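Have a look at entry38.cif below; it lists mmCIF, C-alpha atoms.
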```cif
data_upload
#
loop_
_atom_site.label_atom_id
_atom_site.label_comp_id
_atom_site.auth_asym_id
_atom_site.auth_seq_id
_atom_site.Cartn_x
_atom_site.Cartn_y
_atom_site.Cartn_z
CA LEU L 1 138.27 48.85 60.72
CA PHE L 2 136.63 47.06 57.83
CA VAL L 3 136.55 49.47 54.89
CA LYS L 4 135.01 48.68 51.51
CA GLN L 5 136.66 50.58 48.65
CA GLN L 6 135.61 51.30 45.09
CA GLY L 7 136.05 53.89 42.35
CA GLN L 8 138.92 56.15 41.33
CA GLY L 9 139.78 59.73 42.14
CA GLN L 10 140.02 61.84 45.27
CA PRO L 11 139.06 60.13 48.55
CA LEU L 12 135.50 60.31 49.88
CA ILE L 13 134.64 58.62 53.17
CA LEU L 14 131.16 57.42 54.20
CA LEU L 15 130.26 56.93 57.87
CA HIS L 16 127.01 55.20 58.86
CA GLY L 17 124.76 55.75 61.87
CA TRP L 18 123.88 53.79 64.99
CA GLY L 19 122.71 50.23 64.45
CA PHE L 20 123.77 49.84 60.81
CA ASN L 21 127.03 49.47 58.89
CA GLY L 22 128.71 50.80 55.78
CA ASP L 23 126.42 48.84 53.45
CA ILE L 24 123.62 51.33 54.08
CA TRP L 25 125.53 53.59 51.65
CA ASN L 26 125.76 51.00 48.84
CA ASP L 27 123.50 52.76 46.33
CA ILE L 28 124.94 56.23 46.95
CA ALA L 29 128.49 54.84 46.97
CA ALA L 30 128.00 53.24 43.55
CA ARG L 31 126.92 56.60 42.13
CA LEU L 32 129.74 58.52 43.75
CA ALA L 33 132.34 55.96 42.67
CA GLN L 34 132.08 57.27 39.11
CA ASP L 35 134.09 60.31 40.22
CA TRP L 36 135.61 59.48 43.62
CA ARG L 37 137.58 56.83 45.46
CA ILE L 38 134.97 55.67 47.98
CA TYR L 39 135.69 54.33 51.48
CA GLN L 40 132.64 52.75 53.17
CA VAL L 41 133.50 52.26 56.82
CA ASP L 42 132.03 49.78 59.28
CA LEU L 43 132.33 51.54 62.63
CA PRO L 44 133.72 49.45 65.53
CA GLY L 45 131.36 46.68 66.60
CA HIS L 46 129.19 47.19 63.51
CA GLY L 47 129.28 45.03 60.39
CA ARG L 48 132.72 43.48 59.95
CA SER L 49 134.71 45.70 62.34
CA PRO L 50 135.67 44.51 65.84
CA PHE L 51 134.52 46.44 68.87
CA CYS L 52 136.67 49.03 70.61
CA GLU L 53 136.23 51.67 73.30
CA TYR L 54 133.64 54.29 72.28
CA SER L 55 135.32 57.51 73.31
CA LEU L 56 135.70 60.26 70.71
CA SER L 57 139.48 60.13 71.05
CA THR L 58 139.65 56.36 70.47
CA LEU L 59 137.22 56.45 67.57
CA THR L 60 139.03 59.32 65.83
CA ASP L 61 142.33 57.47 66.35
CA ASN L 62 140.82 54.46 64.57
CA LEU L 63 139.42 56.59 61.76
CA ALA L 64 142.86 58.13 61.21
CA VAL L 65 143.85 55.04 59.19
CA LEU L 66 141.77 56.57 56.38
CA PRO L 67 143.24 58.94 53.78
CA LYS L 68 143.99 62.55 54.60
CA ASN L 69 142.40 65.49 52.77
CA ALA L 70 139.21 63.55 52.05
CA VAL L 71 135.57 64.56 51.82
CA TRP L 72 133.75 63.05 54.81
CA ILE L 73 130.03 62.26 54.64
CA GLY L 74 128.56 61.24 57.98
CA TRP L 75 124.99 60.21 58.73
CA SER L 76 123.56 60.52 62.27
CA LEU L 77 126.16 59.06 64.68
CA GLY L 78 128.61 59.03 61.75
CA GLY L 79 128.09 62.77 61.36
CA LEU L 80 129.06 63.32 64.98
CA LEU L 81 132.30 61.43 64.34
CA ALA L 82 132.95 63.36 61.12
CA MET L 83 132.63 66.63 63.07
CA ALA L 84 135.10 65.30 65.64
CA MET L 85 137.58 64.43 62.87
CA ALA L 86 137.24 67.90 61.36
CA ARG L 87 137.83 69.49 64.78
CA TRP L 88 140.75 67.42 66.08
CA ARG L 89 142.28 65.99 62.89
CA PRO L 90 141.71 68.81 60.40
CA SER L 91 144.26 67.60 57.85
CA TRP L 92 142.07 64.51 57.29
CA VAL L 93 138.98 66.52 56.35
CA ARG L 94 138.82 68.55 53.15
CA ALA L 95 135.06 69.05 53.39
CA LEU L 96 132.16 67.81 55.53
CA VAL L 97 128.72 66.66 54.48
CA LEU L 98 126.59 66.04 57.56
CA VAL L 99 123.35 64.12 57.08
CA SER L 100 120.55 64.08 59.68
CA THR L 101 123.00 64.74 62.47
CA SER L 102 123.72 67.20 65.23
CA PRO L 103 126.54 68.26 67.54
CA ARG L 104 124.19 67.42 70.42
CA PHE L 105 121.50 64.72 70.15
CA VAL L 106 119.62 65.49 73.38
CA THR L 107 117.64 68.56 74.33
CA ASP L 108 118.87 71.28 76.65
CA LYS L 109 117.33 74.54 77.84
CA ASP L 110 118.84 76.34 74.83
CA TRP L 111 118.74 73.33 72.45
CA PRO L 112 115.13 72.33 71.73
CA HIS L 113 115.49 70.52 68.38
CA ALA L 114 116.68 67.12 69.59
CA MET L 115 115.49 64.01 71.39
CA THR L 116 114.68 64.30 75.07
CA PRO L 117 117.12 62.53 77.43
CA THR L 118 114.22 60.28 78.48
CA VAL L 119 113.79 58.86 74.97
CA LEU L 120 117.43 57.81 74.66
CA GLU L 121 117.44 56.47 78.20
CA GLN L 122 114.40 54.32 77.38
CA PHE L 123 116.18 52.94 74.31
CA ALA L 124 119.22 52.14 76.46
CA GLN L 125 117.07 50.28 79.00
CA GLN L 126 115.14 48.39 76.31
CA LEU L 127 118.39 47.43 74.62
CA GLN L 128 119.40 45.43 77.69
CA LYS L 129 116.24 43.31 77.44
CA ASP L 130 115.54 43.03 73.71
CA THR L 131 118.26 44.03 71.25
CA VAL L 132 116.38 43.06 68.08
CA GLY L 133 113.11 44.66 69.21
CA THR L 134 114.87 47.88 70.22
CA LEU L 135 116.63 48.12 66.86
CA ARG L 136 113.34 47.63 65.06
CA ARG L 137 111.67 50.35 67.14
CA PHE L 138 114.54 52.72 66.41
CA LEU L 139 114.32 51.83 62.73
CA ALA L 140 110.61 52.69 62.73
CA LEU L 141 111.43 56.02 64.35
CA GLN L 142 113.97 56.79 61.62
CA VAL L 143 111.40 56.56 58.82
CA LYS L 144 108.45 58.02 60.76
CA GLY L 145 106.83 60.87 58.85
CA SER L 146 108.41 60.07 55.50
CA GLU L 147 106.05 59.71 52.56
CA THR L 148 107.72 56.36 51.75
CA ALA L 149 108.00 55.12 55.35
CA LEU L 150 106.71 51.59 54.70
CA GLN L 151 109.07 50.94 51.78
CA GLN L 152 112.03 52.35 53.70
CA ARG L 153 111.25 50.28 56.76
CA ARG L 154 111.15 47.11 54.69
CA ALA L 155 114.43 48.02 52.98
CA LEU L 156 116.18 48.75 56.28
CA ASN L 157 114.86 45.55 57.85
CA ALA L 158 116.16 43.60 54.86
CA LEU L 159 119.56 45.29 55.20
CA LEU L 160 119.80 44.37 58.89
CA LYS L 161 118.80 40.78 58.11
CA LYS L 162 121.40 40.54 55.35
CA THR L 163 124.35 42.18 57.09
CA GLY L 164 123.70 41.10 60.67
CA LEU L 165 123.18 42.97 63.90
CA PRO L 166 125.89 45.08 65.52
CA GLN L 167 127.54 43.76 68.66
CA PRO L 168 125.43 44.56 71.76
CA GLU L 169 128.32 46.37 73.45
CA ALA L 170 128.72 48.61 70.40
CA LEU L 171 125.03 49.48 70.44
CA GLU L 172 125.17 50.30 74.15
CA ALA L 173 128.36 52.36 73.79
CA GLY L 174 127.02 54.19 70.75
CA LEU L 175 123.87 55.21 72.62
CA THR L 176 125.98 56.43 75.53
CA LEU L 177 128.05 58.53 73.12
CA LEU L 178 124.88 60.07 71.65
CA GLN L 179 123.55 60.77 75.14
CA ASN L 180 126.67 62.45 76.47
CA THR L 181 128.40 64.24 73.59
CA ASP L 182 128.08 67.98 73.04
CA LEU L 183 130.33 69.36 70.30
CA ARG L 184 128.71 72.79 70.10
CA PRO L 185 131.64 74.60 71.76
CA GLU L 186 133.98 73.04 69.18
CA LEU L 187 132.10 74.05 66.03
CA LEU L 188 133.79 77.43 65.54
CA GLN L 189 137.14 75.63 65.43
CA ILE L 190 136.15 73.62 62.32
CA ARG L 191 137.69 75.23 59.26
CA SER L 192 136.61 72.88 56.48
CA PRO L 193 133.57 73.76 54.30
CA ALA L 194 130.49 72.01 55.67
CA LEU L 195 126.97 71.20 54.48
CA LEU L 196 124.19 69.98 56.76
CA CYS L 197 121.43 68.01 55.00
CA LEU L 198 118.24 67.50 57.02
CA GLY L 199 114.96 65.73 56.45
CA GLU L 200 112.14 68.12 57.27
CA ARG L 201 110.01 65.25 58.66
CA ASP L 202 112.79 63.87 60.84
CA THR L 203 111.72 63.15 64.44
CA ILE L 204 115.22 62.13 65.62
CA VAL L 205 117.12 65.20 64.40
CA PRO L 206 114.37 67.80 63.78
CA ALA L 207 115.02 70.20 60.89
CA GLY L 208 115.03 73.18 63.25
CA VAL L 209 118.47 72.09 64.42
CA GLY L 210 119.91 73.63 61.24
CA GLU L 211 119.35 77.20 62.41
CA ASP L 212 120.42 76.25 65.93
CA CYS L 213 123.72 74.93 64.54
CA GLN L 214 124.33 78.09 62.51
CA GLN L 215 124.23 80.16 65.70
CA TRP L 216 127.29 78.21 66.86
CA TRP L 217 128.75 77.65 63.38
CA PRO L 218 127.95 80.61 61.08
CA ASN L 219 129.82 79.20 58.07
CA LEU L 220 127.73 76.04 58.00
CA GLN L 221 125.52 75.65 54.92
CA LYS L 222 122.21 73.84 55.41
CA ILE L 223 119.52 72.40 53.19
CA GLY L 224 116.25 70.62 53.96
CA ILE L 225 114.56 67.85 51.99
CA LYS L 226 110.87 68.46 52.65
CA PRO L 227 109.38 64.96 52.20
CA ALA L 228 112.26 63.13 53.96
CA ALA L 229 112.66 61.83 57.51
CA HIS L 230 115.94 60.60 59.07
CA VAL L 231 117.41 58.75 56.07
CA PRO L 232 117.12 61.19 53.14
CA PHE L 233 119.83 59.52 51.05
CA LEU L 234 117.70 56.36 50.93
CA SER L 235 114.23 57.86 50.69
CA HIS L 236 115.10 60.62 48.19
CA PRO L 237 118.47 59.72 46.63
CA ASP L 238 118.11 61.93 43.55
CA ILE L 239 117.36 65.06 45.60
CA PHE L 240 120.15 64.17 48.01
CA MET L 241 122.64 63.69 45.15
CA HIS L 242 121.59 66.97 43.57
CA TYR L 243 122.44 68.93 46.72
CA LEU L 244 125.57 66.87 47.37
CA GLN L 245 126.97 67.36 43.87
CA GLY L 246 126.19 71.05 44.01
CA PHE L 247 128.17 71.39 47.23
CA LEU L 248 131.09 69.26 46.04
CA ASN L 249 131.33 71.13 42.72
CA VAL L 250 132.05 74.43 44.47
CA THR L 251 134.24 73.03 47.27
CA PRO L 252 137.95 73.78 46.75
#
```
Could you take the file, read its structure, and then write that structure out as structure tokens?
Amino acid sequence: LFVKQQGQGQPLILLHGWGFNGDIWNDIAARLAQDWRIYQVDLPGHGRSPFCEYSLSTLTDNLAVLPKNAVWIGWSLGGLLAMAMARWRPSWVRALVLVSTSPRFVTDKDWPHAMTPTVLEQFAQQLQKDTVGTLRRFLALQVKGSETALQQRRALNALLKKTGLPQPEALEAGLTLLQNTDLRPELLQIRSPALLCLGERDTIVPAGVGEDCQQWWPNLQKIGIKPAAHVPFLSHPDIFMHYLQGFLNVTP
């Protein structure tokens, strides 16, 4: 894995979501580096990391090169992987901060606050024909509903242009992981303190998933950022940092 490091102190690991790389955390990482040793990860096939098999076991094996007893902050797909680390490699995870993520990304009869299987299947089919166009459509979906959607979309497009597109096989495998993973039965086995931060205008991970998660994971704390969509740490960094610092300050 390519991992960018900065700062001094206890370890704090940042995992990005589908289609991006660790640089999406640059502004937040610079702020956190005043108090923490920051590890910005490029997931396999994204950014500067080579591709590997996209099973949870393989991905958690790869992430186990990172320091133990760290705070893990995972956004979207990265949040799913952070949950998996906390479940199966608990000594690596001191605390979890989960951003716009879910243990299950597709709807089910008892899981309404998610994307329908049809939406993700359409993205998977479109990806085969037009990688760049599909990424741009997904990017537009991430900022949809936010009060600063246009500015965010421009910023995310600029980031993709600067850092380059993920490898097509990583995009395909990442979508398959989002389509097929259901960590709900594992949530009660996670012992580390955990905070779920949701954008209340998010159309990818609707804010209602917070209460759904707490039914499976009663110790989970949740907060909502009212004007934010799927990328609250970019659209509303000060509010995000306020909640994050509050959680970290009381975490053992």
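Across the structure, CA of Ser55 (chain L) and CA of Leu127 (chain L) are spaced 19.7 Å apart.
Residue membership of the PyMOL selection byres ((chain L and resi 173) around 10) in the shown file amounts to Trp18, Gly45, Phe51, Cys52, Glu53, Tyr54, Ser55, Ala124, Pro168, Glu169, Ala170, Leu171, Glu172, Gly174, Leu175, Thr176, Leu177, Leu178 and Gln179 of chain L.
Proximity of L:Trp92, L:Phe20, L:Trp217, L:Phe233 to Leu139 (chain L), computed with all atoms listed in the file, is greatest for L:Phe20.
The shortest atom-to-atom distance to Arg37 (chain L), with all atoms listed in the file taken into account, belongs to L:Lys4 out of L:Lys4, L:Lys109, L:Arg191, L:Arg153.
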Can you translate the PyMOL selection byres ((chain L and resi 193) around 6) into the concrete residues it hits in this file, as a list in words?
Ala95, Ser192 and Ala194 of chain L
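Shortest separation to Asp238 (chain L) among L:Ile225, L:Val143, L:Val132, L:Leu1 occurs at residue L:Ile225, atoms counted being only C-alpha atoms.
Comparing L:Ala70, L:Leu187, L:Ala33, L:Leu195 by their smallest distance to Val250 (chain L), the closest is L:Leu195 (using all atoms listed in the file).
Shortest atom-to-atom contact with Arg137 (chain L) among L:Asn62, L:Pro252, L:Val41, L:Gly19: L:Gly19, counting all atoms listed in the file.
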Find, counting all atoms listed in the file, the residue in L:Leu14, L:Val231, L:Val119, L:Leu165 that gets nearest to Trp72 (chain L).
L:Leu14
What would the selection look like, as a PyMOL selection string, if the PyMOL selection byres ((chain L and resi 6) around 6) were run on the coordinates I just shared?
chain L and resi 5+7+37-38
Tell me, as a CSV table (one decimal) with C-alpha atoms, keeping the file's coordinate frame, which residues lie within 10 Å of Glu211 (chain L), counting only C-alpha atoms; anything in the same chain fewer than 5 positions away does not count.
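See result_19.csv below for the written result:
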```
chain,number,residue,atom,x,y,z
L,113,HIS,CA,115.5,70.5,68.4
L,216,TRP,CA,127.3,78.2,66.9
L,217,TRP,CA,128.8,77.6,63.4
L,218,PRO,CA,128.0,80.6,61.1
L,220,LEU,CA,127.7,76.0,58.0
L,221,GLN,CA,125.5,75.6,54.9
L,222,LYS,CA,122.2,73.8,55.4
```
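Our summary of the geometry notes that CA of Trp111 (chain L) is positioned 13.6 Å from CA of Ile204 (chain L).
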Find the distance between CA of Ala64 (chain L) and CA of His242 (chain L) and write it in Å to one decimal.
29.0 Å
Within 9 Å of Ser146 (chain L) using all atoms listed in the file, minus same-chain residues under 3 positions, as a VMD selection string:
chain L and resid 142 to 143 149 to 150 152 199 201 to 202 227 to 230 235
So that I can see what lies close to Thr60 (chain L), please list as an MDAnalysis selection string the residues with an atom at most 9 Å from it, counting all atoms listed in the file and leaving out residues fewer than 2 positions away in the same chain.
chainID L and resid 55:58 62:64 81:82 84:85 88:89
Write to file, as a PDB file, keeping the file's coordinate frame, the residues of the selection just made, with C-alpha atoms.
```pdb
ATOM      1  CA  SER L  55     135.320  57.510  73.310  1.00  0.00           C
ATOM      2  CA  LEU L  56     135.700  60.260  70.710  1.00  0.00           C
ATOM      3  CA  SER L  57     139.480  60.130  71.050  1.00  0.00           C
ATOM      4  CA  THR L  58     139.650  56.360  70.470  1.00  0.00           C
ATOM      5  CA  ASN L  62     140.820  54.460  64.570  1.00  0.00           C
ATOM      6  CA  LEU L  63     139.420  56.590  61.760  1.00  0.00           C
ATOM      7  CA  ALA L  64     142.860  58.130  61.210  1.00  0.00           C
ATOM      8  CA  LEU L  81     132.300  61.430  64.340  1.00  0.00           C
ATOM      9  CA  ALA L  82     132.950  63.360  61.120  1.00  0.00           C
ATOM     10  CA  ALA L  84     135.100  65.300  65.640  1.00  0.00           C
ATOM     11  CA  MET L  85     137.580  64.430  62.870  1.00  0.00           C
ATOM     12  CA  TRP L  88     140.750  67.420  66.080  1.00  0.00           C
ATOM     13  CA  ARG L  89     142.280  65.990  62.890  1.00  0.00           C
TER      14      ARG L  89
END
```
Which polymer residues have any atom within 9 Å of an atom of region 26-28 of chain L, counting all atoms listed in the file, with same-chain residues fewer than 3 positions away left out, as a short mmCIF file (atom, residue, chain, number, x, y, z; two decimals) with C-alpha atoms, in the coordinates of the input?
```
data_model
loop_
_atom_site.label_atom_id
_atom_site.label_comp_id
_atom_site.auth_asym_id
_atom_site.auth_seq_id
_atom_site.Cartn_x
_atom_site.Cartn_y
_atom_site.Cartn_z
CA GLY L 22 128.71 50.80 55.78
CA ASP L 23 126.42 48.84 53.45
CA ARG L 31 126.92 56.60 42.13
CA LEU L 32 129.74 58.52 43.75
CA ALA L 33 132.34 55.96 42.67
CA GLN L 40 132.64 52.75 53.17
CA PHE L 233 119.83 59.52 51.05
CA LEU L 234 117.70 56.36 50.93
CA PRO L 237 118.47 59.72 46.63
CA MET L 241 122.64 63.69 45.15
#
```
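Selecting by distance to (132.7, 46.5, 59.4) with a limit of 7 Å and using all atoms listed in the file, one obtains Leu1, Phe2, Val3, Asn21, Gly22, Val41, Asp42, Leu43, Pro44, His46, Gly47, Arg48 and Ser49 of chain L.
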